[in-house]
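Raw contents of target06.cif, mmCIF, C-alpha atoms and all ligand atoms:
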```
data_my_file
#
loop_
_atom_site.label_atom_id
_atom_site.label_comp_id
_atom_site.auth_asym_id
_atom_site.auth_seq_id
_atom_site.Cartn_x
_atom_site.Cartn_y
_atom_site.Cartn_z
CA MET I 44 128.87 141.35 147.78
CA LEU I 45 130.35 141.73 151.27
CA LYS I 46 127.39 139.85 152.71
CA THR I 47 127.87 136.98 150.30
CA VAL I 48 131.54 136.77 151.15
CA LEU I 49 130.76 136.79 154.86
CA LEU I 50 128.15 134.10 154.46
CA TYR I 51 130.56 131.99 152.49
CA SER I 52 133.23 132.38 155.11
CA LEU I 53 130.78 131.46 157.87
CA LEU I 54 129.65 128.35 156.08
CA TYR I 55 133.13 127.08 155.50
CA GLY I 56 134.76 128.21 158.72
CA VAL I 57 137.29 130.20 156.77
CA ALA I 58 137.17 133.78 155.62
CA LEU I 59 138.39 134.56 152.18
CA PRO I 60 141.75 136.23 151.60
CA LEU I 61 139.64 138.82 149.80
CA LEU I 62 138.89 140.29 153.18
CA ALA I 63 142.49 140.20 154.22
CA GLN I 64 143.93 143.27 155.91
CA LYS I 65 140.83 145.40 155.29
CA HIS I 66 141.19 146.86 158.76
CA PRO I 67 144.48 148.02 160.14
CA LEU I 68 146.01 146.04 162.95
CA PRO I 69 145.95 147.75 166.31
CA ASP I 70 149.33 149.28 167.07
CA PRO I 71 150.86 147.65 170.16
CA LEU I 72 152.58 150.90 171.06
CA ILE I 73 149.48 153.10 171.17
CA LEU I 74 147.78 153.30 174.55
CA ASN I 75 144.01 152.95 174.96
CA ASN I 76 143.88 156.74 175.42
CA GLY I 77 145.36 157.19 171.92
CA LYS I 78 148.80 158.36 173.08
CA ARG I 79 151.98 156.74 171.84
CA VAL I 80 154.16 154.80 174.27
CA THR I 81 157.39 156.75 174.57
CA SER I 82 159.56 154.73 176.93
CA ALA I 83 160.24 151.18 178.05
CA ASN I 84 158.93 152.17 181.43
CA GLU I 85 155.64 153.34 179.95
CA TRP I 86 155.34 150.07 178.08
CA ARG I 87 155.95 148.16 181.28
CA SER I 88 153.82 150.19 183.66
CA GLN I 89 150.93 151.21 181.38
CA ARG I 90 150.61 149.53 178.02
CA ARG I 91 151.50 146.00 179.07
CA PRO I 92 149.02 145.94 181.99
CA GLU I 93 146.21 147.41 179.91
CA LEU I 94 146.73 144.81 177.19
CA LEU I 95 146.88 141.99 179.73
CA GLU I 96 143.64 143.18 181.25
CA ARG I 97 141.98 143.43 177.87
CA PHE I 98 142.92 139.89 176.85
CA ALA I 99 141.87 138.50 180.24
CA ASN I 100 138.51 140.29 179.94
CA GLU I 101 137.74 139.62 176.31
CA MET I 102 139.41 136.38 175.37
CA TYR I 103 141.18 134.13 177.87
CA GLY I 104 139.36 134.92 181.12
CA HIS I 105 140.78 135.75 184.52
CA SER I 106 142.84 133.03 186.16
CA PRO I 107 143.16 132.46 189.89
CA SER I 108 146.52 132.92 191.55
CA LYS I 109 148.62 130.16 193.07
CA PRO I 110 146.47 128.11 195.46
CA SER I 111 147.72 128.51 199.02
CA GLY I 112 147.10 124.90 200.03
CA MET I 113 148.82 123.27 197.04
CA THR I 114 151.26 120.44 197.84
CA PHE I 115 153.86 118.49 195.90
CA GLU I 116 154.69 114.84 196.50
CA VAL I 117 157.64 113.30 194.70
CA PHE I 118 156.34 109.75 194.37
CA ASP I 119 159.07 108.33 192.15
CA THR I 120 162.79 108.92 191.62
CA ASP I 121 164.98 106.78 189.40
CA PRO I 122 168.57 108.05 189.06
CA LYS I 123 169.28 105.58 186.25
CA ALA I 124 166.34 106.05 183.94
CA LEU I 125 166.59 105.80 180.15
CA ARG I 126 169.64 103.51 180.22
CA GLY I 127 171.33 105.69 182.82
CA LYS I 128 171.10 108.90 180.80
CA ALA I 129 168.60 110.63 183.05
CA THR I 130 167.17 110.94 186.48
CA ARG I 131 163.42 110.45 186.31
CA LYS I 132 161.18 112.07 188.85
CA GLN I 133 157.43 112.03 189.12
CA VAL I 134 155.62 114.53 191.25
CA ALA I 135 151.98 114.56 192.25
CA VAL I 136 150.69 118.11 192.46
CA TYR I 137 147.60 118.33 194.67
CA PHE I 138 146.12 121.66 193.69
CA ASN I 139 144.22 122.10 196.95
CA GLY I 140 146.49 119.93 199.06
CA LYS I 141 143.90 117.14 199.30
CA HIS I 142 144.53 113.68 197.95
CA GLU I 143 140.93 113.36 196.86
CA GLY I 144 141.10 116.76 195.12
CA PRO I 145 142.33 117.35 191.57
CA ARG I 146 145.83 116.00 190.93
CA MET I 147 148.35 116.69 188.21
CA ASP I 148 151.25 114.30 187.65
CA VAL I 149 154.48 115.95 186.55
CA LEU I 150 157.07 113.81 184.79
CA ILE I 151 160.66 115.06 184.81
CA TYR I 152 163.81 113.81 183.10
CA ILE I 153 167.04 115.48 184.16
CA PRO I 154 170.21 114.81 182.15
CA ASN I 155 172.79 112.96 184.26
CA GLN I 156 175.82 114.07 182.25
CA VAL I 157 175.47 117.73 183.27
CA LYS I 158 176.66 119.08 186.61
CA GLY I 159 174.74 121.77 188.44
CA PRO I 160 171.23 123.06 187.92
CA VAL I 161 170.16 122.58 184.30
CA PRO I 162 167.91 124.63 182.05
CA ALA I 163 164.57 122.98 181.24
CA ILE I 164 161.70 122.73 178.82
CA VAL I 165 158.23 122.63 180.36
CA GLY I 166 155.36 121.55 178.15
CA LEU I 167 151.99 119.85 178.38
CA ASN I 168 151.30 116.66 176.47
CA PHE I 169 148.20 115.48 174.61
CA TRP I 170 148.09 111.79 175.54
CA GLY I 171 149.39 111.35 179.09
CA ASN I 172 152.91 111.32 180.50
CA HIS I 173 153.25 107.63 179.68
CA SER I 174 152.70 108.43 176.00
CA ILE I 175 155.87 110.49 175.59
CA ASN I 176 158.25 107.56 176.17
CA SER I 177 157.98 103.80 176.56
CA ASP I 178 159.88 103.97 179.89
CA PRO I 179 158.06 101.36 182.03
CA GLY I 180 158.56 103.48 185.14
CA ILE I 181 156.16 106.22 184.05
CA ARG I 182 152.84 106.10 185.87
CA ILE I 183 150.04 105.33 183.43
CA SER I 184 147.64 108.24 183.56
CA PRO I 185 144.31 107.28 185.08
CA SER I 186 142.70 110.42 183.62
CA TRP I 187 140.14 110.47 180.83
CA MET I 188 141.68 110.00 177.39
CA GLU I 189 140.43 110.73 173.88
CA SER I 190 139.89 107.43 172.11
CA ASN I 191 139.29 108.50 168.57
CA ARG I 192 141.08 111.19 166.72
CA GLY I 193 140.93 110.50 163.00
CA ASN I 194 144.33 112.13 162.90
CA PRO I 195 147.28 110.58 161.12
CA TYR I 196 149.94 111.46 163.67
CA ILE I 197 148.79 109.16 166.45
CA ASP I 198 147.30 105.69 166.87
CA VAL I 199 145.16 105.62 170.00
CA SER I 200 143.73 102.14 169.57
CA CYS I 201 145.30 101.31 172.97
CA VAL I 202 142.71 103.50 174.72
CA VAL I 203 139.82 101.44 176.12
CA ASN I 204 136.67 103.14 177.44
CA HIS I 205 138.50 106.44 177.50
CA ARG I 206 141.28 105.09 179.72
CA SER I 207 144.88 104.33 178.85
CA THR I 208 146.25 100.82 178.99
CA GLU I 209 149.82 99.45 179.17
CA ALA I 210 149.80 99.38 175.36
CA CYS I 211 149.66 103.19 175.37
CA ARG I 212 153.24 103.57 176.59
CA GLY I 213 155.27 105.58 174.14
CA ILE I 214 152.49 106.08 171.58
CA ASN I 215 153.48 109.73 171.20
CA ALA I 216 157.25 109.31 171.67
CA ARG I 217 157.94 110.41 168.12
CA GLN I 218 156.99 113.98 169.04
CA TRP I 219 159.18 114.06 172.18
CA PRO I 220 162.84 113.40 171.19
CA ILE I 221 163.99 113.00 174.76
CA ASP I 222 167.48 111.73 173.85
CA SER I 223 168.32 114.89 171.87
CA ILE I 224 166.87 117.11 174.59
CA LEU I 225 168.98 115.40 177.26
CA GLU I 226 172.12 115.33 175.13
CA ARG I 227 171.82 119.08 174.65
CA GLY I 228 171.75 119.47 178.43
CA TYR I 229 168.09 120.26 179.03
CA ALA I 230 165.65 118.71 181.45
CA LEU I 231 162.20 117.87 180.15
CA VAL I 232 159.21 118.51 182.37
CA THR I 233 155.73 117.51 181.22
CA ALA I 234 152.17 116.93 182.39
CA TYR I 235 148.92 115.77 180.81
CA ARG I 236 146.38 118.40 179.70
CA GLU I 237 143.41 116.48 181.15
CA ASP I 238 144.90 116.50 184.66
CA ILE I 239 144.43 120.28 184.60
CA ALA I 240 141.16 120.71 182.76
CA SER I 241 138.78 118.70 180.62
CA ASP I 242 139.16 119.23 176.90
CA GLU I 243 135.71 117.81 176.13
CA PRO I 244 132.84 120.22 175.54
CA ALA I 245 130.49 117.75 177.30
CA THR I 246 132.49 117.68 180.54
CA LYS I 247 133.97 121.15 180.35
CA PHE I 248 134.74 122.85 183.66
CA THR I 249 133.78 119.75 185.69
CA THR I 250 137.24 118.32 186.28
CA GLY I 251 140.69 119.48 187.37
CA VAL I 252 141.30 123.04 188.44
CA HIS I 253 137.86 124.29 187.39
CA THR I 254 136.23 122.36 190.24
CA LEU I 255 138.13 124.52 192.72
CA TYR I 256 136.97 127.91 191.45
CA PRO I 257 133.22 127.76 190.71
CA GLU I 258 133.00 131.50 191.36
CA LEU I 259 135.15 132.10 188.28
CA GLN I 260 132.67 130.38 185.98
CA ASN I 261 129.30 132.03 185.41
CA ARG I 262 130.64 135.27 184.08
CA GLY I 263 131.76 136.62 180.73
CA ASP I 264 135.42 136.68 181.64
CA ASN I 265 135.37 133.11 182.92
CA PHE I 266 138.60 131.17 183.20
CA GLY I 267 138.58 129.08 179.99
CA THR I 268 140.47 125.87 179.34
CA VAL I 269 143.36 127.47 177.44
CA ALA I 270 143.89 129.78 180.43
CA ALA I 271 143.54 126.79 182.76
CA TRP I 272 146.31 124.95 180.91
CA ALA I 273 148.47 128.06 181.15
CA TRP I 274 147.67 128.17 184.87
CA GLY I 275 148.74 124.51 185.13
CA LEU I 276 152.05 125.37 183.45
CA SER I 277 152.59 128.00 186.14
CA ARG I 278 151.91 125.41 188.84
CA ILE I 279 154.58 123.20 187.24
CA MET I 280 156.89 126.20 187.45
CA ASP I 281 156.03 126.48 191.16
CA TYR I 282 157.35 122.96 191.61
CA VAL I 283 160.39 123.55 189.38
CA GLN I 284 161.42 126.43 191.64
CA THR I 285 161.74 123.93 194.49
CA ASP I 286 163.86 121.43 192.56
CA LYS I 287 167.56 122.07 193.07
CA ARG I 288 168.58 120.19 189.94
CA ILE I 289 166.73 122.59 187.66
CA ASP I 290 167.66 126.22 187.13
CA ALA I 291 164.25 127.92 187.37
CA LYS I 292 165.67 131.05 185.76
CA ARG I 293 166.32 129.15 182.52
CA VAL I 294 163.01 127.49 181.77
CA ALA I 295 161.36 127.50 178.36
CA VAL I 296 157.65 126.85 178.00
CA PHE I 297 156.67 124.80 174.95
CA GLY I 298 153.38 123.73 173.43
CA TRP I 299 151.94 122.48 170.18
CA SER I 300 148.65 123.51 168.64
CA ARG I 301 145.97 124.05 171.36
CA LEU I 302 148.76 123.52 173.88
CA GLY I 303 150.82 126.06 171.92
CA LYS I 304 147.99 128.54 172.45
CA ALA I 305 148.26 127.74 176.16
CA ALA I 306 152.07 127.95 176.20
CA LEU I 307 151.87 131.43 174.69
CA TRP I 308 149.39 132.63 177.31
CA ALA I 309 151.50 131.01 180.04
CA GLY I 310 154.55 132.90 178.79
CA VAL I 311 152.53 136.11 178.82
CA THR I 312 150.99 135.69 182.25
CA ASP I 313 154.01 134.18 183.99
CA GLU I 314 157.27 136.01 183.50
CA ARG I 315 159.19 133.28 185.27
CA PHE I 316 159.24 131.54 181.88
CA ALA I 317 162.47 132.78 180.32
CA LEU I 318 161.58 131.73 176.77
CA VAL I 319 158.40 130.75 174.93
CA ILE I 320 157.89 128.27 172.07
CA SER I 321 154.45 128.37 170.48
CA HIS I 322 154.42 125.64 167.88
CA GLU I 323 151.72 125.68 165.17
CA SER I 324 149.39 127.47 167.57
CA GLY I 325 147.22 128.93 164.81
CA ALA I 326 143.90 130.58 165.68
CA GLY I 327 143.84 131.88 169.23
CA GLY I 328 147.61 131.37 169.27
CA ALA I 329 150.06 133.24 167.08
CA LYS I 330 148.07 133.74 163.88
CA LEU I 331 146.43 137.09 163.12
CA PHE I 332 142.64 136.95 162.88
CA HIS I 333 142.72 140.17 160.85
CA ARG I 334 143.83 138.32 157.73
CA GLY I 335 140.59 136.37 157.74
CA VAL I 336 142.42 133.21 156.68
CA GLY I 337 142.34 129.76 158.29
CA GLU I 338 140.38 128.79 161.40
CA ASN I 339 138.17 131.65 162.55
CA ILE I 340 136.70 132.83 165.84
CA ARG I 341 133.30 131.28 165.11
CA ARG I 342 134.86 127.85 164.71
CA LEU I 343 137.01 128.25 167.81
CA CYS I 344 134.03 129.31 169.91
CA THR I 345 131.60 126.70 168.65
CA VAL I 346 133.72 123.57 168.15
CA PHE I 347 135.77 124.29 171.30
CA PRO I 348 133.36 126.38 173.39
CA HIS I 349 135.40 125.79 176.54
CA TRP I 350 138.76 127.11 175.32
CA TYR I 351 138.19 130.83 175.71
CA ALA I 352 136.04 133.02 177.93
CA GLY I 353 132.37 133.56 177.09
CA ASN I 354 133.09 137.16 176.15
CA PHE I 355 135.15 136.02 173.18
CA LYS I 356 131.94 134.83 171.46
CA LYS I 357 131.04 138.51 170.93
CA TYR I 358 133.73 138.58 168.27
CA MET I 359 132.44 135.74 166.12
CA ASP I 360 132.43 136.85 162.45
CA GLN I 361 134.43 139.95 163.41
CA ASP I 362 137.83 138.42 162.69
CA THR I 363 138.97 141.10 160.29
CA LEU I 364 137.47 143.90 162.38
CA LEU I 365 138.81 142.91 165.80
CA PRO I 366 139.88 145.77 168.05
CA PHE I 367 142.79 143.58 169.20
CA ASP I 368 144.72 140.67 167.72
CA GLN I 369 147.27 138.04 168.55
CA HIS I 370 150.39 140.07 167.74
CA LEU I 371 149.54 141.97 170.91
CA VAL I 372 149.61 138.71 172.87
CA ILE I 373 152.99 137.78 171.42
CA SER I 374 154.30 141.25 172.22
CA LEU I 375 153.45 140.70 175.88
CA VAL I 376 156.26 138.16 176.04
CA ALA I 377 158.78 140.88 175.11
CA PRO I 378 161.64 141.29 175.64
CA ARG I 379 161.94 137.58 176.48
CA PRO I 380 162.71 135.35 173.48
CA VAL I 381 159.75 133.79 171.71
CA TYR I 382 159.69 131.28 168.86
CA ILE I 383 156.71 130.81 166.54
CA ALA I 384 156.66 128.03 163.95
CA SER I 385 154.43 126.80 161.18
CA ALA I 386 154.04 123.93 158.74
CA GLU I 387 153.35 124.49 155.07
CA GLN I 388 150.28 122.21 154.87
CA ASP I 389 148.84 123.32 158.20
CA LYS I 390 146.36 125.60 156.47
CA GLY I 391 143.94 125.87 159.40
CA SER I 392 146.72 127.53 161.40
CA ASP I 393 147.42 129.92 158.49
CA PRO I 394 151.24 129.83 158.41
CA GLU I 395 151.49 133.31 156.93
CA GLY I 396 149.17 134.61 159.62
CA GLU I 397 151.44 133.09 162.28
CA PHE I 398 154.45 134.74 160.66
CA ASP I 399 152.59 138.05 160.43
CA GLY I 400 151.72 137.78 164.13
CA ALA I 401 155.41 137.44 164.97
CA LYS I 402 156.32 140.24 162.58
CA ALA I 403 153.80 142.68 164.05
CA ALA I 404 154.94 141.82 167.60
CA SER I 405 158.47 142.65 166.55
CA ALA I 406 157.70 146.37 166.86
CA VAL I 407 157.61 145.99 170.63
CA TYR I 408 160.75 143.87 170.73
CA GLN I 409 162.58 146.51 168.73
CA PHE I 410 161.14 149.31 170.81
CA LEU I 411 162.57 147.54 173.86
CA GLY I 412 165.97 147.45 172.21
CA THR I 413 166.16 143.85 170.99
CA THR I 414 166.51 142.46 167.48
CA GLY I 415 162.92 141.26 167.28
CA LEU I 416 162.24 139.18 164.17
CA PRO I 417 165.21 139.55 161.82
CA THR I 418 163.20 139.41 158.60
CA ALA I 419 160.11 141.08 157.16
CA GLN I 420 159.49 138.33 154.56
CA LEU I 421 158.16 134.84 155.18
CA PRO I 422 161.39 132.80 155.04
CA PRO I 423 161.75 129.90 152.60
CA LEU I 424 160.94 126.41 153.87
CA GLN I 425 163.35 125.09 156.50
CA GLN I 426 165.22 128.33 157.00
CA SER I 427 164.96 129.20 160.62
CA VAL I 428 165.37 132.89 161.42
CA GLN I 429 166.43 133.62 164.96
CA GLY I 430 166.60 136.99 166.61
CA GLN I 431 164.86 137.67 169.88
CA ILE I 432 161.88 136.32 167.94
CA GLY I 433 162.46 133.06 166.09
CA TYR I 434 160.40 131.65 163.23
CA HIS I 435 160.44 128.80 160.75
CA ILE I 436 158.10 127.11 158.36
CA ARG I 437 158.79 123.53 157.33
CA PRO I 438 157.22 121.29 154.71
CA GLY I 439 154.50 118.88 155.83
CA GLY I 440 151.45 119.12 158.02
CA HIS I 441 150.29 119.75 161.57
CA ASP I 442 152.80 117.79 163.66
CA VAL I 443 155.90 118.10 165.83
CA THR I 444 159.03 116.83 164.07
CA ASN I 445 162.71 116.42 164.86
CA TYR I 446 163.38 119.35 162.56
CA ASP I 447 161.19 121.56 164.74
CA TRP I 448 162.94 120.43 167.91
CA ALA I 449 166.39 120.98 166.40
CA GLN I 450 165.50 124.64 165.78
CA TYR I 451 164.09 125.04 169.27
CA LEU I 452 167.18 123.57 170.88
CA ASP I 453 169.41 125.92 168.84
CA PHE I 454 167.26 128.87 169.86
CA MET I 455 167.43 127.82 173.50
CA ASP I 456 171.21 127.37 173.26
CA LYS I 457 171.45 130.90 171.95
CA HIS I 458 169.29 132.47 174.63
CA ILE I 459 169.25 130.43 177.81
CA LYS I 460 172.04 127.85 177.69
CA LYS I 461 174.64 130.27 179.15
C1 LIG U 501 141.91 121.67 166.02
C2 LIG U 501 141.65 123.13 166.27
C3 LIG U 501 142.94 123.93 166.35
C4 LIG U 501 143.90 123.26 167.30
C5 LIG U 501 144.08 121.82 166.94
C6 LIG U 501 144.96 121.01 167.89
O1 LIG U 501 142.39 121.48 164.74
O2 LIG U 501 140.82 123.61 165.26
O3 LIG U 501 142.66 125.24 166.78
O4 LIG U 501 145.11 123.95 167.32
O5 LIG U 501 142.81 121.18 166.94
O6 LIG U 501 145.06 121.35 169.04
O7 LIG U 501 145.47 119.99 167.44
#
```

Target encoding structure tokens, full file:
Amino acid sequence: MLKTVLLYSLLYGVALPLLAQKHPLPDPLILNNGKRVTSANEWRSQRRPELLERFANEMYGHSPSKPSGMTFEVFDTDPKALRGKATRKQVAVYFNGKHEGPRMDVLIYIPNQVKGPVPAIVGLNFWGNHSINSDPGIRISPSWMESNRGNPYIDVSCVVNHRSTEACRGINARQWPIDSILERGYALVTAYREDIASDEPATKFTTGVHTLYPELQNRGDNFGTVAAWAWGLSRIMDYVQTDKRIDAKRVAVFGWSRLGKAALWAGVTDERFALVISHESGAGGAKLFHRGVGENIRRLCTVFPHWYAGNFKKYMDQDTLLPFDQHLVISLVAPRPVYIASAEQDKGSDPEGEFDGAKAASAVYQFLGTTGLPTAQLPPLQQSVQGQIGYHIRPGGHDVTNYDWAQYLDFMDKHIKK
């Protein structure tokens, strides 16, 4: 019977709820040596590092540190962008300091109505900086672009031969409500995923940051693309720390879906991020594999073989038996605020599994003396719960909506607005 169920789940890329919770979730507060963590200091000096090491070894890979030769060049400043509401800046980040080397463009909008350094949201985008707003001043990304997505939330017919054209300006603006973000007093800082690492299995590890660290590749704990995106978010943070108009101590990292997986890992690996928003991050993000529901490890590792380290493939078909799980990743953000969100129809991400990930991470938040997640039950649709962990589930499918942003801005107001 078990074999049949496993076979079925393999064939369909989903495991049946029948298998759900067969194996207990690893307790975040029990050390590898079996002893219970008894103090915040023990969490910090022993448990947190051993978990970080485990996830770097088994799942995400080991990332390089900040490159010593990296340079920033502000190539555009417009103090009257977006009808005077914002100052727009664009910064070229040369990862190895060479103009012919890999380059990431960072687009920044800083609200003009606020005095002093402002808090900010840093997040990667799916379709190039020019896609998030129709502002004609944004440099059109020359990087490779997906041209076919069969996905209802975006029309990419403007992409020709895998390159963006003028017609691509603002194609993804709906998911980036810049006016509300600015009105609430936050800067928005974004960059394009492909500038950091290729998201195509065929060209994996041949562009962006991966070209600089060949020695990190042919090994089981290789630096996968999700980790590379997280690394890129940290490089954006390196720039932000140099910009006097942004308060680097009040920066939230945001990401949706695969970029929500990356935002979570960035928040874990880089404690300069004061708050983390992992939106519909699903498998390899916030959802628990142990439930055996939604996208599984086999699908992640075969459809997106570049996202995680080679070692992660060992765990294909072991979802419900894993010796670790994603609640441990979320708990590594503690005690900093983290928000996890789901959409009712986003079945691949397993909304309940995302909620359960947040709930299980709450043990660490509470242990560290914060409120954690203020509910043990999946809340009704459109009822955001906000403690040190925030969560909501809204109607609809895999997308980023104004409702989602409104909750995130409230959560940020609560925790980092001052
Ligand atoms: C696919 C993938 C998900 C991912 C999503 C996205 O659906 O299976 O894991 O989150 O793409 O990034 O949009």

What is the CA of Val443 (chain I)-CA of Arg217 (chain I) distance in Å, reported with one decimal?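 A separation of 8.3 Å between them.
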
Can I get the residues close to ligand LIG 501 (chain U) as an MDAnalysis selection string, where close means within 6 Å and we count all atoms listed in the file? chainID I and resid 300:301 324:326

Restricting the output to C-alpha atoms, write the selected residues as a PDB file, in the frame of the given file.
```pdb
ATOM      1  CA  SER I 300     148.650 123.510 168.640  1.00  0.00           C
ATOM      2  CA  ARG I 301     145.970 124.050 171.360  1.00  0.00           C
ATOM      3  CA  SER I 324     149.390 127.470 167.570  1.00  0.00           C
ATOM      4  CA  GLY I 325     147.220 128.930 164.810  1.00  0.00           C
ATOM      5  CA  ALA I 326     143.900 130.580 165.680  1.00  0.00           C
TER       6      ALA I 326
END
```

Taking into account all atoms listed in the file, which residue in the set I:Gly228, I:Pro348, I:Gly127, I:Gly396 is nearest to Pro162 (chain I)?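 Comparing I:Gly228, I:Pro348, I:Gly127, I:Gly396 against Pro162 (chain I), the winner is I:Gly228.
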
Taking only residues of region 264-341 of chain I that have an atom at most 10 Å from an atom of region 105-119 of chain I, what is each one's shortest atom pair and its distance in Å to one decimal, using all atoms listed in the file, in chain and number order, as CSV?
```
residue,atom,partner,partner_atom,distance
I:Asp264,CA,I:His105,CA,6.2
I:Asn265,CA,I:His105,CA,6.2
I:Phe266,CA,I:His105,CA,5.2
I:Gly267,CA,I:His105,CA,8.4
I:Ala270,CA,I:Ser106,CA,6.7
I:Ala271,CA,I:Ser106,CA,7.1
I:Ala273,CA,I:Ser106,CA,9.0
I:Trp274,CA,I:Ser106,CA,7.0
I:Gly275,CA,I:Lys109,CA,9.7
I:Ser277,CA,I:Lys109,CA,8.3
I:Arg278,CA,I:Lys109,CA,7.2
I:Ile279,CA,I:Phe115,CA,9.9
I:Asp281,CA,I:Lys109,CA,8.5
I:Tyr282,CA,I:Phe115,CA,7.1
I:Thr285,CA,I:Phe115,CA,9.7
I:Thr312,CA,I:Ser106,CA,9.4
```

So how far away is CA of Val296 (chain I) from CA of Val199 (chain I), in Å?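 Atom-to-atom, CA of Val199 (chain I) and CA of Val296 (chain I) are spaced 25.9 Å apart.
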
Residues within 9 Å of Pro154 (chain I), please, as an NGL selection string. Count only C-alpha atoms; anything in the same chain fewer than 3 positions from it doesn't count. :I and (128-130 or 157-158 or 161 or 224-231)

Those same residues - C-alpha atoms - I'd like them written as a PDB file, keeping the file's coordinate frame.
```pdb
ATOM      1  CA  LYS I 128     171.100 108.900 180.800  1.00  0.00           C
ATOM      2  CA  ALA I 129     168.600 110.630 183.050  1.00  0.00           C
ATOM      3  CA  THR I 130     167.170 110.940 186.480  1.00  0.00           C
ATOM      4  CA  VAL I 157     175.470 117.730 183.270  1.00  0.00           C
ATOM      5  CA  LYS I 158     176.660 119.080 186.610  1.00  0.00           C
ATOM      6  CA  VAL I 161     170.160 122.580 184.300  1.00  0.00           C
ATOM      7  CA  ILE I 224     166.870 117.110 174.590  1.00  0.00           C
ATOM      8  CA  LEU I 225     168.980 115.400 177.260  1.00  0.00           C
ATOM      9  CA  GLU I 226     172.120 115.330 175.130  1.00  0.00           C
ATOM     10  CA  ARG I 227     171.820 119.080 174.650  1.00  0.00           C
ATOM     11  CA  GLY I 228     171.750 119.470 178.430  1.00  0.00           C
ATOM     12  CA  TYR I 229     168.090 120.260 179.030  1.00  0.00           C
ATOM     13  CA  ALA I 230     165.650 118.710 181.450  1.00  0.00           C
ATOM     14  CA  LEU I 231     162.200 117.870 180.150  1.00  0.00           C
TER      15      LEU I 231
END
```

Using all atoms listed in the file, what residues lie at most 8 Å away from (163.6, 137.7, 161.6) (file coordinates), given as a list in words?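 Those residues, ordered by chain and then number, are Lys402, Gly415, Leu416, Pro417, Thr418, Ala419, Val428, Gln429, Gly430, Ile432, Gly433 and Tyr434 of chain I.
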
Filtering to C-alpha atoms, could you give me those residues as an mmCIF file, in the frame of the given file?
```cif
data_model
loop_
_atom_site.group_PDB
_atom_site.id
_atom_site.type_symbol
_atom_site.label_atom_id
_atom_site.label_comp_id
_atom_site.auth_asym_id
_atom_site.auth_seq_id
_atom_site.Cartn_x
_atom_site.Cartn_y
_atom_site.Cartn_z
ATOM 1 C CA LYS I 402 156.320 140.240 162.580
ATOM 2 C CA GLY I 415 162.920 141.260 167.280
ATOM 3 C CA LEU I 416 162.240 139.180 164.170
ATOM 4 C CA PRO I 417 165.210 139.550 161.820
ATOM 5 C CA THR I 418 163.200 139.410 158.600
ATOM 6 C CA ALA I 419 160.110 141.080 157.160
ATOM 7 C CA VAL I 428 165.370 132.890 161.420
ATOM 8 C CA GLN I 429 166.430 133.620 164.960
ATOM 9 C CA GLY I 430 166.600 136.990 166.610
ATOM 10 C CA ILE I 432 161.880 136.320 167.940
ATOM 11 C CA GLY I 433 162.460 133.060 166.090
ATOM 12 C CA TYR I 434 160.400 131.650 163.230
#
```

Pick the closest to Ala210 (chain I) from I:Asn445, I:Thr120, I:Asn176, I:Ser223: which is it, counting only C-alpha atoms?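 Nearest candidate to Ala210 (chain I) out of I:Asn445, I:Thr120, I:Asn176, I:Ser223: I:Asn176.
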
Between CA of Ile153 (chain I) and CA of Asp447 (chain I), measure the distance and give it in Å to one decimal. 21.2 Å

Between I:Thr250, I:Asn215, I:Gln431, I:Gln425, which residue has the minimum interatomic distance to Gln450 (chain I), considering only C-alpha atoms?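 The closest residue to Gln450 (chain I) is I:Gln425.
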